[in-house]
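**Student:** Below is the file my_file-v1.txt, which contains compact mmCIF, C-alpha atoms.
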# COMPACT_ATOMS: atom_id res chain seq x y z
CA MET A 15 -31.71 16.09 0.54
CA ARG A 16 -34.42 13.96 -1.04
CA ALA A 17 -34.69 10.26 -0.29
CA GLN A 18 -33.60 9.35 -3.80
CA ALA A 19 -30.43 11.41 -3.41
CA ARG A 20 -29.83 9.86 0.00
CA THR A 21 -30.12 6.38 -1.47
CA THR A 22 -27.53 7.28 -4.10
CA TYR A 23 -25.19 8.70 -1.46
CA ALA A 24 -25.66 5.63 0.76
CA TRP A 25 -24.74 3.24 -2.04
CA THR A 26 -21.78 5.43 -2.96
CA ALA A 27 -20.55 5.33 0.65
CA ALA A 28 -20.91 1.54 0.81
CA VAL A 29 -19.08 1.01 -2.48
CA LEU A 30 -16.37 3.46 -1.39
CA GLY A 31 -15.91 1.45 1.81
CA LEU A 32 -15.67 -1.75 -0.20
CA VAL A 33 -13.03 -0.21 -2.48
CA MET A 34 -11.03 1.08 0.52
CA GLY A 35 -11.15 -2.35 2.15
CA LEU A 36 -10.01 -4.09 -1.03
CA ALA A 37 -7.25 -1.50 -1.48
CA LEU A 38 -5.98 -2.32 2.02
CA VAL A 39 -6.03 -6.03 1.19
CA GLY A 40 -4.02 -5.30 -1.96
CA LEU A 41 -1.52 -3.21 0.00
CA SER A 42 -1.14 -5.98 2.57
CA LEU A 43 -0.51 -8.62 -0.10
CA ALA A 44 2.00 -6.37 -1.86
CA SER A 45 3.73 -5.73 1.46
CA VAL A 46 3.97 -9.45 2.23
CA ALA A 47 5.34 -10.15 -1.24
CA ALA A 48 7.95 -7.44 -0.80
CA ALA A 49 8.87 -8.34 2.79
CA PRO A 50 11.49 -11.08 2.54
CA ALA A 51 14.29 -8.90 1.29
CA SER A 52 16.47 -9.90 4.19
CA ALA A 53 19.42 -11.67 2.66
CA VAL A 54 22.64 -9.75 3.15
CA THR A 55 25.90 -10.73 1.56
CA VAL A 56 28.28 -11.79 4.31
CA LYS A 57 31.97 -11.87 3.53
CA SER A 58 34.37 -14.34 5.16
CA GLN A 59 31.99 -16.69 6.94
CA GLN A 60 33.45 -19.33 9.23
CA GLY A 61 30.71 -21.44 10.77
CA THR A 62 28.48 -19.07 12.72
CA SER A 63 31.06 -16.29 12.63
CA ALA A 64 31.91 -13.68 10.03
CA GLY A 65 34.64 -11.10 9.64
CA ASP A 66 38.28 -10.73 10.55
CA PRO A 67 39.10 -12.82 13.66
CA ASN A 68 41.58 -10.09 14.70
CA ALA A 69 39.16 -7.20 14.21
CA LYS A 70 39.20 -4.45 16.85
CA VAL A 71 35.56 -5.01 17.73
CA GLN A 72 34.35 -8.48 18.62
CA ILE A 73 30.57 -8.85 18.61
CA VAL A 74 28.77 -11.87 20.04
CA LEU A 75 25.01 -12.23 19.59
CA TYR A 76 22.88 -14.72 21.48
CA PHE A 77 19.41 -15.26 20.06
CA ASP A 78 16.61 -17.80 19.84
CA PRO A 79 14.99 -18.49 16.47
CA GLU A 80 11.54 -18.44 18.05
CA CYS A 81 12.00 -15.02 19.64
CA VAL A 82 10.09 -12.23 17.89
CA HIS A 83 12.42 -9.55 19.29
CA CYS A 84 15.38 -11.48 17.89
CA MET A 85 13.65 -11.55 14.52
CA ARG A 86 13.20 -7.79 14.57
CA LEU A 87 16.82 -7.34 15.64
CA TYR A 88 17.82 -9.47 12.67
CA TYR A 89 15.80 -7.43 10.19
CA ASP A 90 16.53 -4.00 11.65
CA VAL A 91 20.07 -4.28 12.99
CA GLU A 92 22.09 -7.37 12.10
CA GLY A 93 22.29 -6.78 8.35
CA GLN A 94 23.31 -3.16 8.85
CA LEU A 95 26.06 -4.12 11.30
CA ILE A 96 27.37 -6.71 8.84
CA LYS A 97 27.39 -4.21 5.97
CA ARG A 98 28.99 -1.39 7.96
CA TYR A 99 31.45 -3.15 10.22
CA VAL A 100 31.87 -6.85 9.45
CA ASN A 101 32.22 -6.72 5.68
CA THR A 102 34.58 -3.74 6.03
CA GLY A 103 36.90 -5.65 8.37
CA GLN A 104 36.28 -3.45 11.41
CA ALA A 105 34.37 -6.01 13.44
CA ARG A 106 33.88 -9.72 13.78
CA LEU A 107 30.41 -11.10 14.48
CA GLU A 108 29.79 -14.43 16.13
CA ILE A 109 26.25 -15.75 16.36
CA ARG A 110 25.38 -18.13 19.20
CA PRO A 111 21.89 -19.54 18.67
CA LEU A 112 20.09 -20.73 21.81
CA THR A 113 17.12 -23.01 22.30
CA PHE A 114 15.39 -21.27 25.22
CA LEU A 115 11.93 -21.39 23.74
CA GLY A 116 11.23 -25.05 23.17
CA PRO A 117 11.34 -27.88 20.62
CA PRO A 118 10.85 -25.75 17.47
CA SER A 119 13.88 -23.68 18.53
CA VAL A 120 15.94 -26.86 18.91
CA LYS A 121 15.05 -27.95 15.37
CA ALA A 122 15.77 -24.50 13.93
CA VAL A 123 19.15 -24.25 15.68
CA GLN A 124 20.11 -27.74 14.51
CA ALA A 125 19.28 -26.63 10.97
CA LEU A 126 21.28 -23.39 11.36
CA LEU A 127 24.31 -25.28 12.62
CA ALA A 128 23.97 -27.81 9.81
CA ALA A 129 24.01 -24.89 7.34
CA ALA A 130 27.01 -23.40 9.16
CA ASP A 131 28.87 -26.69 8.58
CA GLN A 132 28.61 -25.90 4.86
CA GLY A 133 29.75 -22.29 5.34
CA ARG A 134 26.30 -20.96 4.46
CA TYR A 135 25.00 -19.94 7.89
CA TRP A 136 23.75 -16.47 6.89
CA GLU A 137 22.04 -17.60 3.70
CA TYR A 138 20.12 -20.21 5.69
CA GLN A 139 19.41 -17.79 8.54
CA ALA A 140 17.88 -15.30 6.07
CA ALA A 141 15.58 -17.98 4.68
CA LEU A 142 14.75 -19.20 8.20
CA TRP A 143 13.70 -15.75 9.47
CA ASP A 144 11.69 -15.10 6.33
CA ALA A 145 9.88 -18.40 6.89
CA TYR A 146 9.30 -17.56 10.56
CA GLN A 147 8.02 -14.12 9.64
CA GLN A 148 5.54 -15.69 7.25
CA ALA A 149 4.34 -18.60 9.37
CA GLY A 150 5.76 -18.47 12.91
CA PRO A 151 7.14 -21.57 14.69
CA VAL A 152 5.09 -23.91 12.47
CA ALA A 153 7.79 -23.19 9.87
CA TYR A 154 10.19 -25.18 12.04
CA THR A 155 9.29 -28.74 11.11
CA ASP A 156 11.81 -31.32 9.92
CA ALA A 157 10.32 -31.31 6.43
CA SER A 158 10.17 -27.53 6.03
CA LEU A 159 13.66 -26.98 7.46
CA LYS A 160 15.06 -29.55 5.01
CA ALA A 161 13.09 -27.93 2.18
CA LEU A 162 14.64 -24.57 3.13
CA ALA A 163 18.08 -26.13 2.85
CA VAL A 164 17.26 -27.22 -0.70
CA ARG A 165 15.95 -23.75 -1.52
CA VAL A 166 19.08 -22.09 -0.15
CA GLY A 167 21.16 -24.42 -2.31
CA LEU A 168 22.83 -26.48 0.40
CA ASN A 169 24.04 -30.01 -0.16
CA SER A 170 20.96 -31.99 0.97
CA SER A 171 22.60 -35.23 2.00
CA GLN A 172 25.29 -33.37 3.95
CA PHE A 173 22.62 -31.16 5.56
CA ASN A 174 20.45 -34.15 6.51
CA ALA A 175 23.45 -35.89 8.04
CA SER A 176 24.34 -32.87 10.19
CA TYR A 177 20.75 -31.95 11.07
CA GLY A 178 19.89 -33.57 14.38
CA GLY A 179 23.22 -35.33 14.46
CA GLY A 180 25.39 -35.81 17.55
CA ALA A 181 27.83 -33.05 16.58
CA THR A 182 25.16 -30.35 16.29
CA THR A 183 23.50 -31.52 19.51
CA ALA A 184 26.87 -31.24 21.31
CA GLU A 185 27.41 -27.80 19.77
CA ILE A 186 23.99 -26.65 21.03
CA LYS A 187 24.97 -27.71 24.54
CA ALA A 188 28.34 -25.99 24.24
CA ILE A 189 26.67 -22.72 23.21
CA ALA A 190 24.18 -23.02 26.09
CA ASP A 191 27.09 -23.53 28.50
CA LYS A 192 28.85 -20.43 27.14
CA ALA A 193 25.65 -18.41 27.57
CA LYS A 194 25.32 -19.60 31.14
CA SER A 195 28.91 -18.75 31.95
CA GLN A 196 28.39 -15.24 30.55
CA GLY A 197 25.19 -14.77 32.57
CA VAL A 198 22.90 -14.70 29.53
CA ASP A 199 19.38 -15.48 30.67
CA SER A 200 17.34 -13.68 28.01
CA VAL A 201 17.46 -13.08 24.27
CA PRO A 202 18.45 -11.17 22.25
CA HIS A 203 21.67 -10.50 24.12
CA MET A 204 24.70 -8.90 22.50
CA PHE A 205 28.25 -8.37 23.66
CA ILE A 206 30.27 -5.68 21.89
CA ASN A 207 33.77 -6.28 23.24
CA SER A 208 32.99 -6.10 26.96
CA GLN A 209 29.80 -4.06 26.68
CA GLU A 210 26.40 -5.74 26.88
CA VAL A 211 23.21 -4.80 25.07
CA VAL A 212 20.27 -6.76 26.41
CA GLY A 213 17.04 -6.92 24.40
CA GLU A 214 15.98 -5.28 21.18
CA ALA A 215 17.32 -1.77 20.60
CA PRO A 216 17.48 0.65 17.68
CA LEU A 217 20.39 0.40 15.26
CA GLN A 218 21.97 3.62 16.51
CA ASP A 219 22.37 2.19 20.02
CA PHE A 220 24.63 -0.49 18.57
CA THR A 221 26.51 1.75 16.14
CA ARG A 222 27.22 4.27 18.92
CA ILE A 223 28.91 1.61 21.03
CA ILE A 224 30.79 0.09 18.09
CA ASP A 225 31.98 3.50 16.87
CA ALA A 226 33.20 4.31 20.39
CA GLU A 227 35.02 0.98 20.59
CA LEU A 228 36.66 1.58 17.20
CA VAL A 229 38.24 4.88 18.30
CA ARG A 230 39.42 3.61 21.65
CA MET B 6 -51.39 33.01 -25.80
CA SER B 7 -52.59 29.58 -24.93
CA VAL B 8 -50.14 26.88 -23.88
CA PRO B 9 -50.26 23.90 -26.19
CA ARG B 10 -52.25 21.04 -24.69
CA GLU B 11 -49.28 18.63 -24.91
CA ARG B 12 -46.93 20.92 -22.91
CA LYS B 13 -49.60 21.45 -20.25
CA LYS B 14 -49.79 17.72 -19.82
CA GLU B 15 -46.00 17.40 -19.50
CA ARG B 16 -45.91 20.13 -16.86
CA LEU B 17 -48.67 18.44 -14.91
CA GLN B 18 -46.80 15.14 -15.01
CA ARG B 19 -43.59 16.81 -13.78
CA LEU B 20 -45.38 18.45 -10.87
CA GLN B 21 -47.03 15.17 -9.93
CA ALA B 22 -43.68 13.40 -10.05
CA GLN B 23 -42.15 16.02 -7.74
CA ARG B 24 -45.05 15.62 -5.32
CA LEU B 25 -44.57 11.86 -5.36
CA GLN B 26 -40.83 12.22 -4.73
CA PRO B 27 -40.50 10.95 -1.17
CA ALA B 28 -39.17 13.27 1.48
CA VAL B 29 -36.84 12.16 4.21
CA ARG B 30 -38.33 11.17 7.48
CA ALA B 31 -36.95 12.73 10.63
CA VAL B 32 -35.35 10.05 12.80
CA GLY B 33 -33.93 9.85 16.29
CA ASN B 34 -30.51 8.57 17.23
CA GLY B 35 -31.61 5.00 16.61
CA LEU B 36 -28.66 2.60 16.60
CA VAL B 37 -25.99 5.30 16.66
CA PRO B 38 -25.23 4.81 20.41
CA VAL B 39 -24.82 1.06 19.73
CA MET B 40 -22.37 1.90 16.93
CA LEU B 41 -20.48 4.24 19.24
CA ALA B 42 -20.21 1.49 21.85
CA LEU B 43 -18.87 -0.93 19.20
CA ALA B 44 -16.36 1.68 18.02
CA ALA B 45 -15.26 2.10 21.66
CA VAL B 46 -14.65 -1.66 21.94
CA GLY B 47 -12.67 -1.48 18.69
CA ILE B 48 -10.58 1.40 20.04
CA VAL B 49 -9.79 -0.54 23.22
CA VAL B 50 -8.81 -3.74 21.35
CA SER B 51 -6.76 -2.13 18.58
CA GLY B 52 -5.36 0.40 21.07
CA TYR B 53 -4.08 -2.44 23.25
CA LEU B 54 -2.45 -4.14 20.25
CA ALA B 55 -0.96 -0.83 19.07
CA VAL B 56 0.47 -0.04 22.52
CA THR B 57 2.00 -3.51 22.94
CA TYR B 58 3.55 -3.20 19.49
CA PHE B 59 4.87 0.29 20.24
CA ASN B 60 6.34 -0.81 23.58
CA ASP B 61 7.65 -4.05 22.14
CA ALA B 62 5.69 -5.93 24.80
CA GLN B 63 4.15 -9.37 24.55
CA VAL B 64 0.45 -9.61 23.74
CA ALA B 65 -1.49 -11.30 26.56
CA CYS B 66 -3.04 -14.34 24.90
CA TYR B 67 -4.43 -16.09 28.03
CA GLY B 68 -3.74 -19.47 26.41
CA LEU B 69 -6.45 -18.82 23.82
CA GLY B 70 -4.32 -18.74 20.72
CA GLN B 71 -0.91 -17.96 19.27
CA CYS B 72 -0.72 -14.18 19.58
CA GLU B 73 3.09 -14.02 19.29
CA GLN B 74 2.94 -15.99 16.07
CA VAL B 75 0.30 -13.70 14.60
CA GLN B 76 2.25 -10.65 15.78
CA ALA B 77 5.44 -11.98 14.16
CA SER B 78 3.74 -12.71 10.87
CA ALA B 79 4.42 -10.56 7.81
CA TYR B 80 0.67 -9.92 7.68
CA ALA B 81 0.81 -7.96 10.96
CA ARG B 82 2.38 -5.01 9.15
CA VAL B 83 1.72 -3.18 5.90
CA PHE B 84 5.02 -1.84 4.58
CA GLY B 85 6.35 -1.66 8.12
CA VAL B 86 3.29 -0.01 9.66
CA PRO B 87 1.53 -2.28 12.18
CA ILE B 88 -2.07 -2.95 11.18
CA ALA B 89 -3.10 -2.27 14.79
CA TYR B 90 -2.33 1.41 14.05
CA PHE B 91 -4.70 1.30 11.05
CA GLY B 92 -7.38 -0.29 13.25
CA LEU B 93 -7.00 2.29 15.99
CA LEU B 94 -7.11 5.16 13.52
CA SER B 95 -10.14 3.72 11.75
CA TYR B 96 -12.18 3.07 14.93
CA ALA B 97 -11.27 6.55 16.24
CA ALA B 98 -12.39 8.16 12.96
CA ILE B 99 -15.67 6.20 13.10
CA ALA B 100 -16.25 7.40 16.68
CA VAL B 101 -15.61 11.03 15.66
CA LEU B 102 -18.01 10.74 12.70
CA LEU B 103 -20.70 9.16 14.91
CA GLU B 104 -20.24 11.93 17.44
CA GLY B 105 -20.77 14.30 14.50
CA ARG B 106 -23.92 12.38 13.56
CA LEU B 107 -25.26 12.96 17.08
CA ARG B 108 -24.31 16.64 17.31
CA LEU B 109 -25.16 17.80 13.79
CA SER B 110 -28.55 17.84 12.16
CA GLY B 111 -30.10 17.31 8.74
CA ASP B 112 -27.93 16.41 5.78
CA ARG B 113 -24.65 17.00 7.62
CA ALA B 114 -25.61 14.43 10.25
CA TYR B 115 -26.56 12.00 7.51
CA LEU B 116 -23.26 12.52 5.66
CA ALA B 117 -21.33 11.94 8.91
CA LEU B 118 -23.19 8.63 9.27
CA LEU B 119 -22.30 7.72 5.68
CA GLY B 120 -18.63 8.41 6.45
CA ALA B 121 -18.86 6.01 9.38
CA LEU B 122 -20.55 3.43 7.10
CA SER B 123 -17.72 3.72 4.55
CA LEU B 124 -15.03 3.14 7.16
CA ALA B 125 -17.00 0.32 8.78
CA VAL B 126 -17.39 -1.48 5.44
CA ALA B 127 -13.66 -1.03 4.70
CA GLY B 128 -12.85 -2.39 8.18
CA MET B 129 -15.15 -5.36 7.64
CA VAL B 130 -13.53 -6.27 4.31
CA PHE B 131 -10.00 -6.00 5.71
CA SER B 132 -10.93 -7.92 8.88
CA ALA B 133 -12.46 -10.72 6.79
CA TYR B 134 -9.20 -10.98 4.85
CA LEU B 135 -7.11 -11.01 8.05
CA THR B 136 -9.31 -13.68 9.63
CA TYR B 137 -8.91 -15.83 6.51
CA VAL B 138 -5.13 -15.34 6.79
CA GLU B 139 -5.20 -16.39 10.46
CA PHE B 140 -7.18 -19.57 9.77
CA PHE B 141 -5.76 -20.71 6.46
CA VAL B 142 -2.37 -19.07 5.83
CA ILE B 143 -0.46 -18.70 9.09
CA ASP B 144 -2.61 -21.22 10.96
CA ALA B 145 -2.54 -19.22 14.19
CA LEU B 146 -5.29 -17.34 15.97
CA CYS B 147 -5.17 -14.20 18.08
CA PRO B 148 -8.28 -13.59 20.22
CA TRP B 149 -7.71 -9.82 20.13
CA CYS B 150 -7.68 -9.83 16.33
CA LEU B 151 -10.77 -12.04 16.18
CA THR B 152 -12.59 -9.73 18.62
CA SER B 153 -11.75 -6.77 16.43
CA ALA B 154 -12.97 -8.67 13.36
CA VAL B 155 -16.32 -9.48 15.03
CA VAL B 156 -16.68 -5.83 16.09
CA ALA B 157 -15.92 -4.69 12.53
CA VAL B 158 -18.56 -7.00 11.01
CA VAL B 159 -21.25 -6.10 13.55
CA LEU B 160 -20.42 -2.39 13.24
CA ALA B 161 -20.78 -2.50 9.45
CA ALA B 162 -24.08 -4.39 9.74
CA VAL B 163 -25.51 -1.98 12.33
CA ALA B 164 -24.29 0.99 10.27
CA ALA B 165 -26.06 -0.40 7.21
CA VAL B 166 -29.32 -0.80 9.17
CA GLN B 167 -29.06 2.73 10.53
CA VAL B 168 -28.29 4.20 7.12
CA ARG B 169 -31.28 2.33 5.69
CA ARG B 170 -33.49 3.81 8.40
CA GLU B 171 -32.24 7.32 7.76
CA THR B 172 -32.58 6.95 4.02
CA GLY B 173 -36.17 5.91 4.59
CA VAL B 174 -39.17 7.71 3.25
CA ARG B 175 -42.13 9.34 4.87
Will you turn the file into structure tokens for me?
**Tutor:**
Amino acid sequence: MRAQARTTYAWTAAVLGLVMGLALVGLSLASVAAAPASAVTVKSQQGTSAGDPNAKVQIVLYFDPECVHCMRLYYDVEGQLIKRYVNTGQARLEIRPLTFLGPPSVKAVQALLAAADQGRYWEYQAALWDAYQQAGPVAYTDASLKALAVRVGLNSSQFNASYGGGATTAEIKAIADKAKSQGVDSVPHMFINSQEVVGEAPLQDFTRIIDAELVR
Amino acid sequence: MSVPRERKKERLQRLQAQRLQPAVRAVGNGLVPVMLALAAVGIVVSGYLAVTYFNDAQVACYGLGQCEQVQASAYARVFGVPIAYFGLLSYAAIAVLLEGRLRLSGDRAYLALLGALSLAVAGMVFSAYLTYVEFFVIDALCPWCLTSAVVAVVLAAVAAVQVRRETGVR
């Protein structure tokens, strides 16, 4: 190969690399734009619970809004469980948010409970996880959590009154006490009737237990 | 039959041009071992991040940044595939191509080097974008990611120098 041909090939390789790099950047941006498709329609919400209170399977999930594993459990498992079991009346899901991981968790849980007061817990939770996925715990500031409430369509003055108020603070303590009494010392932590699933697990691990409980 | 004077002149010019066409100089391994070492560092760094992601383990940040935050960000995956996997694959492919550059000879060796250059440039562009995202979008830094970005930039620069040397003329 002559030097002139080599020069041509070298430039071609460099330009090809540049195009590949830019294509990856484009894919990443498209992926980020497509990512927050988390909202799931939840029927019969009552506070932080959803589903028939007399359902055969009672599911309790402890999580912390700053916990990455909890976030993945939300995206990969929670929505599917709601669609398959909660919305169909076979199970009831109760969410108990904890504040293990520090001040941003406290703010996020206060916001979640304030949203729950308006019967819109899951809508707010979807927006909260999407914000966390985009920005991490810096998404949990007073201003951004209040802005999320506006975006979700909550009543702002009612939200601001509940957020950080005495009632939500007492509720946070009550949930922490329940966790302690049930021996929960890590998140995510799920109880399916009397069975425990500690940590993040694939969807089928949860469906297997729930299906077994349903036929008992 | 005599060749017209004008055509003789053209032929002479063509032959002179061919003689002036530079030939490729034979070169040694040059900076290829340096590139291999950089690719090895890249494999270790992206391999660590890929393994922690696969095992759902926490990234050791040693108090030097906000690794969990970066790991949780939407930018850490492309349509569900962790970018650490892309990095590992890319550095491994560069190492294989550089090994080819060392073992092969002539044009094949040169083409293997160009393959490594292509991947290194792609890695540099993507790393620059990710570093921008860390600083200005998610406002969190991960020392592992920054190390990989530095490796990608240096690797692309060294690859360019080596390609320039091997494209050189006698």
**Student:** List the neighbours of region 133-140 of chain B out to 7 Å using all atoms listed in the file; skip same-chain residues closer than 6 positions along the sequence, and give me the result as a PyMOL selection string.
**Tutor:** (chain A and resi 39) or (chain B and resi 146+151+154)
**Student:** Could you take the residues named above and write them with C-alpha atoms, as a PDB file, in the coordinates of the input?
**Tutor:**
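Saved the output as again-v2.pdb:
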ATOM      1  CA  VAL A  39      -6.030  -6.030   1.190  1.00  0.00           C
TER       2      VAL A  39
ATOM      3  CA  LEU B 146      -5.290 -17.340  15.970  1.00  0.00           C
ATOM      4  CA  LEU B 151     -10.770 -12.040  16.180  1.00  0.00           C
ATOM      5  CA  ALA B 154     -12.970  -8.670  13.360  1.00  0.00           C
TER       6      ALA B 154
END
**Student:** Contacts from chain A to chain B, 9 Å maximum, only C-alpha atoms: show me the residue list as an NGL selection string.
**Tutor:** :A and (15-21 or 23-24 or 26-39 or 41-46 or 48-50 or 81-83 or 85-86 or 144 or 146-152 or 214)
**Student:** CA of Ala105 (chain A) and CA of Ser208 (chain A), how far apart in Å?
**Tutor:**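 CA of Ala105 (chain A) lies at a distance of 13.6 Å from CA of Ser208 (chain A).
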**Student:** Using all atoms listed in the file, determine which residues lie at most 12 Å from Ala130 (chain A), disregarding the query and same-chain residues fewer than 2 positions distant; provide the list as a ChimeraX atom specification.
**Tutor:** /A:59-64,108-111,123-128,132-139,163,168-169,172-173,176-177,182,185
**Student:** I'd like the contact shell of Gln196 (chain A) - 12 Å cut-off, only C-alpha atoms, skipping same-chain residues fewer than 3 positions apart - returned as a PDB file with C-alpha atoms, in the coordinates of the input.
**Tutor:**
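The resulting file, result-v4.pdb, is reproduced below:
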ATOM      1  CA  VAL A  74      28.770 -11.870  20.040  1.00  0.00           C
ATOM      2  CA  LEU A  75      25.010 -12.230  19.590  1.00  0.00           C
ATOM      3  CA  TYR A  76      22.880 -14.720  21.480  1.00  0.00           C
ATOM      4  CA  ILE A 189      26.670 -22.720  23.210  1.00  0.00           C
ATOM      5  CA  ALA A 190      24.180 -23.020  26.090  1.00  0.00           C
ATOM      6  CA  ASP A 191      27.090 -23.530  28.500  1.00  0.00           C
ATOM      7  CA  LYS A 192      28.850 -20.430  27.140  1.00  0.00           C
ATOM      8  CA  ALA A 193      25.650 -18.410  27.570  1.00  0.00           C
ATOM      9  CA  ASP A 199      19.380 -15.480  30.670  1.00  0.00           C
ATOM     10  CA  SER A 200      17.340 -13.680  28.010  1.00  0.00           C
ATOM     11  CA  HIS A 203      21.670 -10.500  24.120  1.00  0.00           C
ATOM     12  CA  MET A 204      24.700  -8.900  22.500  1.00  0.00           C
ATOM     13  CA  PHE A 205      28.250  -8.370  23.660  1.00  0.00           C
ATOM     14  CA  SER A 208      32.990  -6.100  26.960  1.00  0.00           C
ATOM     15  CA  GLN A 209      29.800  -4.060  26.680  1.00  0.00           C
ATOM     16  CA  GLU A 210      26.400  -5.740  26.880  1.00  0.00           C
TER      17      GLU A 210
END
**Student:** Report as number ranges by chain all protein, DNA and RNA residues lying within 9 Å of Val49 (chain B), evaluated on all atoms listed in the file, omitting residues in the same chain fewer than 5 positions from it.
**Tutor:** B: 44, 54, 93
**Student:** Pick the closest to Ala175 (chain A) from A:Ala129, A:Leu217, A:Ile223, A:Val201: which is it, counting all atoms listed in the file?
**Tutor:**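 For Ala175 (chain A), the nearest of the candidates is A:Ala129.
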**Student:** For each of A:Gly180, A:Trp143, A:Val71, A:Val54, take the minimum atom-to-atom distance to Gly93 (chain A), counting all atoms listed in the file, then give the residue where this is smallest.
**Tutor:**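 When distances to Gly93 (chain A) are compared using all atoms listed in the file, the smallest one comes from A:Val54.
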